[in-house]
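K.L.:
What follows is entry39.cif, mmCIF, C-alpha atoms.
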data_protein
loop_
_atom_site.label_atom_id
_atom_site.label_comp_id
_atom_site.auth_asym_id
_atom_site.auth_seq_id
_atom_site.Cartn_x
_atom_site.Cartn_y
_atom_site.Cartn_z
CA MET R 1 87.15 113.06 97.93
CA ASP R 2 85.59 112.86 101.37
CA THR R 3 85.62 109.07 101.63
CA VAL R 4 87.66 106.17 100.31
CA ARG R 5 87.28 102.41 100.69
CA VAL R 6 90.42 100.58 101.79
CA ALA R 7 91.31 96.95 102.37
CA VAL R 8 93.88 95.28 104.62
CA ALA R 9 94.71 91.67 103.72
CA GLN R 10 95.76 89.50 106.66
CA LEU R 11 97.15 86.50 104.79
CA ALA R 12 99.62 83.67 105.30
CA SER R 13 102.49 83.41 102.86
CA VAL R 14 103.24 80.15 101.08
CA PHE R 15 106.66 80.18 102.64
CA ALA R 16 109.67 80.30 100.32
CA ASP R 17 107.48 79.69 97.27
CA LYS R 18 107.65 82.89 95.27
CA GLN R 19 105.22 81.89 92.55
CA ALA R 20 102.57 80.66 94.98
CA CYS R 21 102.92 83.83 97.07
CA ILE R 22 102.53 86.02 94.00
CA GLU R 23 99.44 84.10 92.93
CA LYS R 24 97.88 84.34 96.40
CA THR R 25 98.65 88.06 96.57
CA ALA R 26 97.16 88.70 93.13
CA ALA R 27 94.01 86.79 94.09
CA ALA R 28 93.59 88.91 97.23
CA ILE R 29 94.05 92.10 95.21
CA ARG R 30 91.32 91.03 92.78
CA GLU R 31 89.01 90.06 95.64
CA ALA R 32 89.48 93.41 97.37
CA GLY R 33 89.06 95.27 94.11
CA ALA R 34 85.76 93.51 93.49
CA GLU R 35 84.63 94.87 96.87
CA GLY R 36 85.42 98.42 95.76
CA ALA R 37 88.69 98.97 97.60
CA ALA R 38 90.75 101.82 96.14
CA LEU R 39 93.75 101.05 98.37
CA ILE R 40 94.89 97.55 99.32
CA LEU R 41 97.64 96.79 101.86
CA LEU R 42 99.32 93.40 102.25
CA PRO R 43 101.72 92.22 105.00
CA GLU R 44 105.42 92.68 105.57
CA VAL R 45 107.37 90.31 103.27
CA MET R 46 104.19 88.69 102.01
CA ILE R 47 106.46 87.47 99.24
CA PRO R 48 107.99 84.98 100.06
CA GLY R 49 107.14 85.02 103.78
CA TYR R 50 108.60 86.06 107.13
CA PRO R 51 111.10 83.43 108.40
CA ARG R 52 109.88 83.51 111.97
CA GLY R 53 111.77 81.16 114.29
CA PHE R 54 114.71 80.40 111.98
CA SER R 55 118.36 80.97 112.89
CA TYR R 56 119.74 80.04 109.46
CA GLY R 57 122.35 78.10 111.40
CA ALA R 58 124.15 81.27 112.48
CA THR R 59 125.83 81.70 115.85
CA VAL R 60 128.63 84.05 116.81
CA GLY R 61 131.67 82.83 114.92
CA ASN R 62 129.95 79.98 113.07
CA ARG R 63 127.44 79.24 110.27
CA SER R 64 126.11 75.80 109.36
CA LEU R 65 125.77 74.31 105.89
CA ALA R 66 122.12 73.50 106.53
CA GLY R 67 121.49 77.15 107.39
CA ARG R 68 123.24 78.28 104.23
CA LYS R 69 121.00 75.97 102.18
CA ASP R 70 117.84 77.39 103.73
CA PHE R 71 119.09 80.92 103.12
CA GLU R 72 119.86 80.05 99.49
CA ARG R 73 116.27 78.84 99.15
CA TYR R 74 114.93 82.06 100.67
CA TRP R 75 117.22 84.20 98.50
CA LYS R 76 116.02 82.48 95.33
CA SER R 77 112.40 82.87 96.47
CA SER R 78 112.84 86.60 97.02
CA MET R 79 111.47 88.93 94.39
CA SER R 80 113.33 91.11 91.93
CA LEU R 81 111.78 94.22 90.44
CA ASP R 82 112.01 92.85 86.91
CA ASP R 83 108.87 93.43 84.88
CA SER R 84 108.38 89.70 84.47
CA GLU R 85 108.19 89.16 88.25
CA THR R 86 106.01 92.16 89.07
CA GLN R 87 103.69 91.64 86.09
CA PRO R 88 101.08 89.44 87.87
CA LEU R 89 100.77 91.99 90.69
CA ARG R 90 100.62 94.91 88.27
CA GLU R 91 97.93 93.19 86.23
CA ALA R 92 95.91 92.45 89.38
CA ALA R 93 96.17 96.07 90.53
CA GLN R 94 95.06 97.27 87.10
CA GLU R 95 92.13 94.85 87.08
CA ALA R 96 91.15 96.00 90.58
CA GLY R 97 91.63 99.68 89.67
CA ALA R 98 93.37 100.12 93.01
CA TYR R 99 96.56 101.32 94.62
CA VAL R 100 98.35 98.27 96.01
CA VAL R 101 101.13 98.15 98.59
CA VAL R 102 102.75 94.79 99.28
CA GLY R 103 105.70 93.73 101.41
CA ILE R 104 108.40 91.79 99.60
CA SER R 105 111.82 90.38 100.26
CA GLU R 106 113.49 92.26 97.43
CA ARG R 107 116.45 90.75 95.64
CA SER R 108 118.57 93.58 94.30
CA GLY R 109 121.44 93.57 91.86
CA GLU R 110 122.04 91.82 88.58
CA GLY R 111 122.52 88.15 87.83
CA ASN R 112 123.54 86.13 90.87
CA GLY R 113 124.60 89.20 92.85
CA GLY R 114 122.50 91.27 95.14
CA THR R 115 121.60 91.94 98.75
CA LEU R 116 118.10 91.23 100.02
CA TYR R 117 116.00 94.11 101.34
CA ASN R 118 112.80 94.09 103.37
CA SER R 119 110.79 96.34 101.09
CA LEU R 120 107.38 97.85 100.40
CA LEU R 121 106.36 97.89 96.75
CA TYR R 122 103.82 100.50 95.58
CA ILE R 123 101.74 99.72 92.48
CA GLY R 124 99.21 102.04 90.88
CA PRO R 125 95.77 101.37 89.37
CA ALA R 126 97.25 101.71 85.89
CA GLY R 127 99.47 98.72 86.64
CA ASP R 128 102.66 100.73 87.06
CA VAL R 129 105.25 100.60 89.83
CA LEU R 130 104.99 103.92 91.68
CA GLY R 131 107.57 103.52 94.43
CA LEU R 132 109.64 101.35 96.71
CA HIS R 133 110.65 101.64 100.35
CA ARG R 134 113.46 99.61 101.89
CA LYS R 135 113.41 99.08 105.65
CA LEU R 136 116.03 101.37 107.16
CA VAL R 137 117.08 99.09 110.01
CA PRO R 138 116.17 95.40 110.03
CA THR R 139 115.41 94.38 113.60
CA ALA R 140 117.73 92.12 115.61
CA ALA R 141 118.39 88.81 113.77
CA GLU R 142 116.63 90.19 110.67
CA ARG R 143 119.98 91.86 109.93
CA LEU R 144 121.33 88.44 109.00
CA ILE R 145 118.83 88.31 106.12
CA TRP R 146 118.23 91.87 104.91
CA GLY R 147 120.44 94.88 104.27
CA ARG R 148 119.72 98.44 105.37
CA GLY R 149 117.80 100.84 103.18
CA ASP R 150 118.55 104.56 102.83
CA GLY R 151 116.70 107.86 102.86
CA SER R 152 116.09 107.83 99.13
CA THR R 153 113.31 105.26 99.58
CA LEU R 154 111.19 107.11 102.14
CA SER R 155 108.52 106.90 99.47
CA THR R 156 105.08 108.45 99.31
CA VAL R 157 102.51 108.18 96.54
CA ASP R 158 99.87 110.73 95.57
CA ALA R 159 96.40 109.32 94.99
CA PRO R 160 93.06 111.03 94.33
CA PHE R 161 92.10 110.42 97.96
CA GLY R 162 95.36 111.77 99.45
CA ARG R 163 98.99 110.90 99.93
CA ILE R 164 99.94 107.40 101.12
CA GLY R 165 103.20 106.13 102.57
CA GLY R 166 104.58 104.35 105.58
CA LEU R 167 107.23 102.37 107.40
CA ILE R 168 107.81 98.68 108.07
CA CYS R 169 107.36 97.10 111.50
CA TRP R 170 109.80 98.46 114.09
CA GLU R 171 110.91 101.31 111.85
CA ASN R 172 107.76 102.83 113.29
CA TYR R 173 109.57 103.09 116.65
CA MET R 174 112.07 105.51 115.06
CA PRO R 175 110.67 109.00 115.87
CA LEU R 176 112.65 110.77 113.18
CA ALA R 177 111.62 108.24 110.54
CA ARG R 178 107.99 108.88 111.44
CA MET R 179 108.62 112.62 111.26
CA ALA R 180 110.08 112.19 107.77
CA MET R 181 106.80 110.59 106.71
CA TYR R 182 104.55 113.13 108.44
CA ALA R 183 106.51 115.96 106.81
CA GLN R 184 105.39 114.67 103.41
CA GLY R 185 101.75 115.29 104.25
CA LEU R 186 100.36 111.77 104.60
CA SER R 187 96.64 111.16 104.69
CA ILE R 188 96.93 107.38 105.05
CA TYR R 189 99.90 105.87 106.89
CA LEU R 190 100.79 102.25 106.19
CA ALA R 191 102.34 100.07 108.90
CA PRO R 192 102.80 96.45 107.79
CA THR R 193 104.46 94.39 110.50
CA ALA R 194 105.41 90.99 111.90
CA ASP R 195 104.63 92.14 115.48
CA GLN R 196 101.61 90.36 116.97
CA ARG R 197 101.84 91.72 120.52
CA ASP R 198 99.23 93.86 122.26
CA SER R 199 101.78 96.67 122.50
CA TRP R 200 101.80 96.97 118.70
CA GLN R 201 98.20 98.12 118.83
CA ALA R 202 99.29 100.98 121.06
CA THR R 203 101.84 101.88 118.39
CA LEU R 204 99.23 102.02 115.63
CA ARG R 205 96.95 104.20 117.73
CA HIS R 206 99.78 106.49 118.78
CA ILE R 207 100.88 107.05 115.17
CA ALA R 208 97.32 107.91 114.18
CA CYS R 209 97.02 110.51 116.94
CA GLU R 210 100.52 111.86 116.38
CA GLY R 211 100.25 112.12 112.60
CA ARG R 212 96.53 113.00 112.52
CA CYS R 213 96.20 110.42 109.75
CA PHE R 214 94.50 107.12 109.15
CA VAL R 215 96.73 104.15 109.93
CA LEU R 216 96.47 100.77 108.24
CA GLY R 217 98.21 98.01 110.19
CA CYS R 218 98.73 94.68 108.43
CA ASN R 219 100.18 91.42 109.69
CA GLN R 220 100.18 87.79 108.61
CA TYR R 221 98.34 84.93 110.24
CA PHE R 222 100.79 82.02 110.23
CA THR R 223 101.11 78.63 111.89
CA CYS R 224 104.08 76.33 112.33
CA SER R 225 102.48 73.62 110.19
CA MET R 226 102.44 76.03 107.23
CA TYR R 227 106.23 75.74 106.89
CA PRO R 228 107.44 73.27 104.24
CA GLN R 229 108.81 70.16 105.92
CA ASP R 230 111.75 69.83 103.54
CA LEU R 231 113.56 72.85 104.97
CA ALA R 232 117.08 71.86 106.00
CA LEU R 233 116.58 73.26 109.51
CA TYR R 234 112.95 72.23 109.92
CA ASP R 235 113.82 70.58 113.24
CA GLU R 236 114.44 74.07 114.69
CA LEU R 237 110.67 74.52 114.75
CA ALA R 238 110.05 71.62 117.12
CA ASP R 239 109.80 73.76 120.26
CA LEU R 240 107.78 76.59 118.69
CA PRO R 241 104.03 77.02 119.29
CA GLU R 242 101.66 76.01 116.51
CA GLU R 243 100.29 79.54 116.14
CA LEU R 244 103.42 81.50 115.27
CA CYS R 245 101.69 84.75 114.38
CA ARG R 246 98.10 85.43 115.43
CA GLY R 247 97.71 88.49 113.19
CA GLY R 248 96.44 91.78 114.59
CA SER R 249 95.72 93.72 111.40
CA ALA R 250 93.66 96.83 112.15
CA ILE R 251 92.56 100.22 110.83
CA VAL R 252 92.71 103.32 113.03
CA ASP R 253 91.32 106.84 112.51
CA PRO R 254 93.18 110.16 113.10
CA PHE R 255 91.92 110.31 116.70
CA GLY R 256 93.36 106.91 117.58
CA GLU R 257 90.02 105.07 117.49
CA TYR R 258 89.56 101.76 115.71
CA VAL R 259 87.69 101.80 112.44
CA CYS R 260 88.36 98.06 112.26
CA PRO R 261 89.55 96.41 115.49
CA PRO R 262 92.41 93.88 115.39
CA LEU R 263 91.76 90.62 113.57
CA TYR R 264 93.25 87.64 115.41
CA GLY R 265 93.39 83.91 114.88
CA LYS R 266 92.66 83.65 111.16
CA GLU R 267 93.28 84.96 107.69
CA GLY R 268 90.89 87.57 106.36
CA LEU R 269 90.38 90.91 104.62
CA LEU R 270 89.36 94.02 106.52
CA TYR R 271 87.37 96.70 104.71
CA ALA R 272 86.64 100.25 105.78
CA ASP R 273 85.17 103.40 104.27
CA LEU R 274 87.41 106.14 105.63
CA ASP R 275 85.93 109.59 106.33
CA LEU R 276 88.85 111.73 105.17
CA ARG R 277 87.32 114.85 106.73
CA LYS R 278 88.53 113.58 110.09
CA ILE R 279 92.11 114.40 109.04
CA HIS R 280 91.32 118.11 108.77
CA GLN R 281 89.14 118.03 111.87
CA GLY R 282 92.09 116.66 113.80
CA HIS R 283 94.28 119.57 112.75
CA LEU R 284 92.15 121.92 114.84
CA ASP R 285 94.23 121.16 117.89
CA PHE R 286 97.28 119.26 116.61
CA ASP R 287 99.42 119.32 113.48
CA VAL R 288 102.79 117.66 114.04
CA VAL R 289 104.47 119.43 111.11
CA GLY R 290 102.34 122.59 111.21
CA HIS R 291 101.07 124.76 114.05
CA TYR R 292 102.22 122.27 116.71
CA ASN R 293 105.75 122.26 115.39
CA ARG R 294 108.57 124.52 116.64
CA PRO R 295 111.15 124.84 113.85
CA ASP R 296 112.69 127.75 115.76
CA VAL R 297 113.56 125.27 118.53
CA PHE R 298 114.04 121.98 116.68
CA ALA R 299 115.96 121.39 113.46
CA PHE R 300 115.13 118.43 111.25
CA SER R 301 116.65 117.17 108.02
CA VAL R 302 116.61 113.99 105.95
CA ASN R 303 119.43 112.69 103.78
CA ASP R 304 117.46 111.51 100.76
CA LYS R 305 120.48 110.71 98.61
CA PRO R 306 120.85 107.04 97.62
CA LYS R 307 123.91 105.29 99.05
CA ARG R 308 125.81 103.18 96.56
CA ALA R 309 128.19 100.51 97.76
CA MET R 310 130.16 100.67 94.53
CA THR R 311 130.36 102.91 91.49
CA ARG R 312 131.86 101.94 88.18
CA ALA R 313 134.46 104.47 87.11
CA ALA R 314 134.50 105.53 83.48
CA LEU R 315 137.64 104.53 81.65
#
Once more with this new file: its structure as structure tokens, please.

P.N.:
Amino acid sequence: MDTVRVAVAQLASVFADKQACIEKTAAAIREAGAEGAALILLPEVMIPGYPRGFSYGATVGNRSLAGRKDFERYWKSSMSLDDSETQPLREAAQEAGAYVVVGISERSGEGNGGTLYNSLLYIGPAGDVLGLHRKLVPTAAERLIWGRGDGSTLSTVDAPFGRIGGLICWENYMPLARMAMYAQGLSIYLAPTADQRDSWQATLRHIACEGRCFVLGCNQYFTCSMYPQDLALYDELADLPEELCRGGSAIVDPFGEYVCPPLYGKEGLLYADLDLRKIHQGHLDFDVVGHYNRPDVFAFSVNDKPKRAMTRAAL
């Protein structure tokens, strides 16, 4: 394939409402599929939303009951990988005939147990789950909410138009994590984020040039008034600006040029027909894991073994 149509969905989550987020995500998948998109990317923790501005009542040495209640609500709104929870997204992907990648707050474990992870869920056009990536290092106060992933989830997915994969938000500032993705031969690099700053655009363009790949950046558009007013710590939002996240979703080609410039100030879907020949054209003068690599000088390895906190010994 020389070309492929892709879509990037800059949406606002229905915060801490899992069912509503799933329904909104599924609707966007169907809309993009109707426009011919073969690959659809949705934002970081689209389900059930990014808790921008919240402390969850945690300070050094102290946690509040109100914060614990809000965290309980977020935990219950996070998504497990049970078939019953992923079914609406899988059905939408199958109806669209597209590869879908969506950010979720993943609730792991069985029953009432389980750590939350900031994850990327990969779904195929046959309606099957193809992969999962857990953010390796949640950034700053995110570590209060989400655990750390491991090297076993540095996932890529093979599609007819090339290999897709990526990292979440500030993971993309980890040079060795990027190298682990490049080494898998990506054609399309996915970079969902919660970063709305101008400097993030430089990051997207740098990754495209460095990896000689297309880069899809996806963020939410979210305002303070979109938060439910019955949150226990709703008053924490009083001093925040109305526009909490202006967006900035964009699509960049392997030479660092915009195919779709950043979208700011509203929700919306970006569409682009990617000329995949540009990937090979870019390798004329730069291939980060090929002729521009020096394995005789630099050694690189990835521990791709899953880390288990506990194992159950056989009796």

K.L.:
Counting only C-alpha atoms, what is within 12 Å of Gly166 (chain R), bar same-chain residues fewer than 6 positions away, as a ChimeraX atom specification?

P.N.:
/R:41,44,101-103,119-122,131-136,153-157,172,177-193,204,207-208,211,213-218

K.L.:
Keeping C-alpha atoms for every residue in the selection just given, could you write it to a file as a tab-separated table (two decimals), in the frame of the given file?

P.N.:
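The file below, again08.tsv, is the result:
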chain	number	residue	atom	x	y	z
R	41	LEU	CA	97.64	96.79	101.86
R	44	GLU	CA	105.42	92.68	105.57
R	101	VAL	CA	101.13	98.15	98.59
R	102	VAL	CA	102.75	94.79	99.28
R	103	GLY	CA	105.70	93.73	101.41
R	119	SER	CA	110.79	96.34	101.09
R	120	LEU	CA	107.38	97.85	100.40
R	121	LEU	CA	106.36	97.89	96.75
R	122	TYR	CA	103.82	100.50	95.58
R	131	GLY	CA	107.57	103.52	94.43
R	132	LEU	CA	109.64	101.35	96.71
R	133	HIS	CA	110.65	101.64	100.35
R	134	ARG	CA	113.46	99.61	101.89
R	135	LYS	CA	113.41	99.08	105.65
R	136	LEU	CA	116.03	101.37	107.16
R	153	THR	CA	113.31	105.26	99.58
R	154	LEU	CA	111.19	107.11	102.14
R	155	SER	CA	108.52	106.90	99.47
R	156	THR	CA	105.08	108.45	99.31
R	157	VAL	CA	102.51	108.18	96.54
R	172	ASN	CA	107.76	102.83	113.29
R	177	ALA	CA	111.62	108.24	110.54
R	178	ARG	CA	107.99	108.88	111.44
R	179	MET	CA	108.62	112.62	111.26
R	180	ALA	CA	110.08	112.19	107.77
R	181	MET	CA	106.80	110.59	106.71
R	182	TYR	CA	104.55	113.13	108.44
R	183	ALA	CA	106.51	115.96	106.81
R	184	GLN	CA	105.39	114.67	103.41
R	185	GLY	CA	101.75	115.29	104.25
R	186	LEU	CA	100.36	111.77	104.60
R	187	SER	CA	96.64	111.16	104.69
R	188	ILE	CA	96.93	107.38	105.05
R	189	TYR	CA	99.90	105.87	106.89
R	190	LEU	CA	100.79	102.25	106.19
R	191	ALA	CA	102.34	100.07	108.90
R	192	PRO	CA	102.80	96.45	107.79
R	193	THR	CA	104.46	94.39	110.50
R	204	LEU	CA	99.23	102.02	115.63
R	207	ILE	CA	100.88	107.05	115.17
R	208	ALA	CA	97.32	107.91	114.18
R	211	GLY	CA	100.25	112.12	112.60
R	213	CYS	CA	96.20	110.42	109.75
R	214	PHE	CA	94.50	107.12	109.15
R	215	VAL	CA	96.73	104.15	109.93
R	216	LEU	CA	96.47	100.77	108.24
R	217	GLY	CA	98.21	98.01	110.19
R	218	CYS	CA	98.73	94.68	108.43

K.L.:
Using only C-alpha atoms, find the one residue out of R:Leu81, R:Ile104, R:Val4, R:Ala9 that sits nearest to Met46 (chain R).

P.N.:
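Smallest separation from Met46 (chain R) among the options: R:Ile104.
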
K.L.:
With all atoms listed in the file as the counted atoms, please give the residues lying no more than 10 Å from Cys245 (chain R), apart from itself and same-chain residues fewer than 5 positions off, as a count of residues only.

P.N.:
15

K.L.:
So which residues get picked by the PyMOL selection byres ((chain R and resi 57) around 12) here, written as an MDAnalysis selection string?

P.N.:
chainID R and resid 53:56 58:71 141 144 232:236

K.L.:
Using CA of Leu274 (chain R) and CA of Thr3 (chain R) as the two end points, give the distance in Å to one decimal.

P.N.:
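Value for the CA of Leu274 (chain R)-CA of Thr3 (chain R) distance: 5.3 Å.
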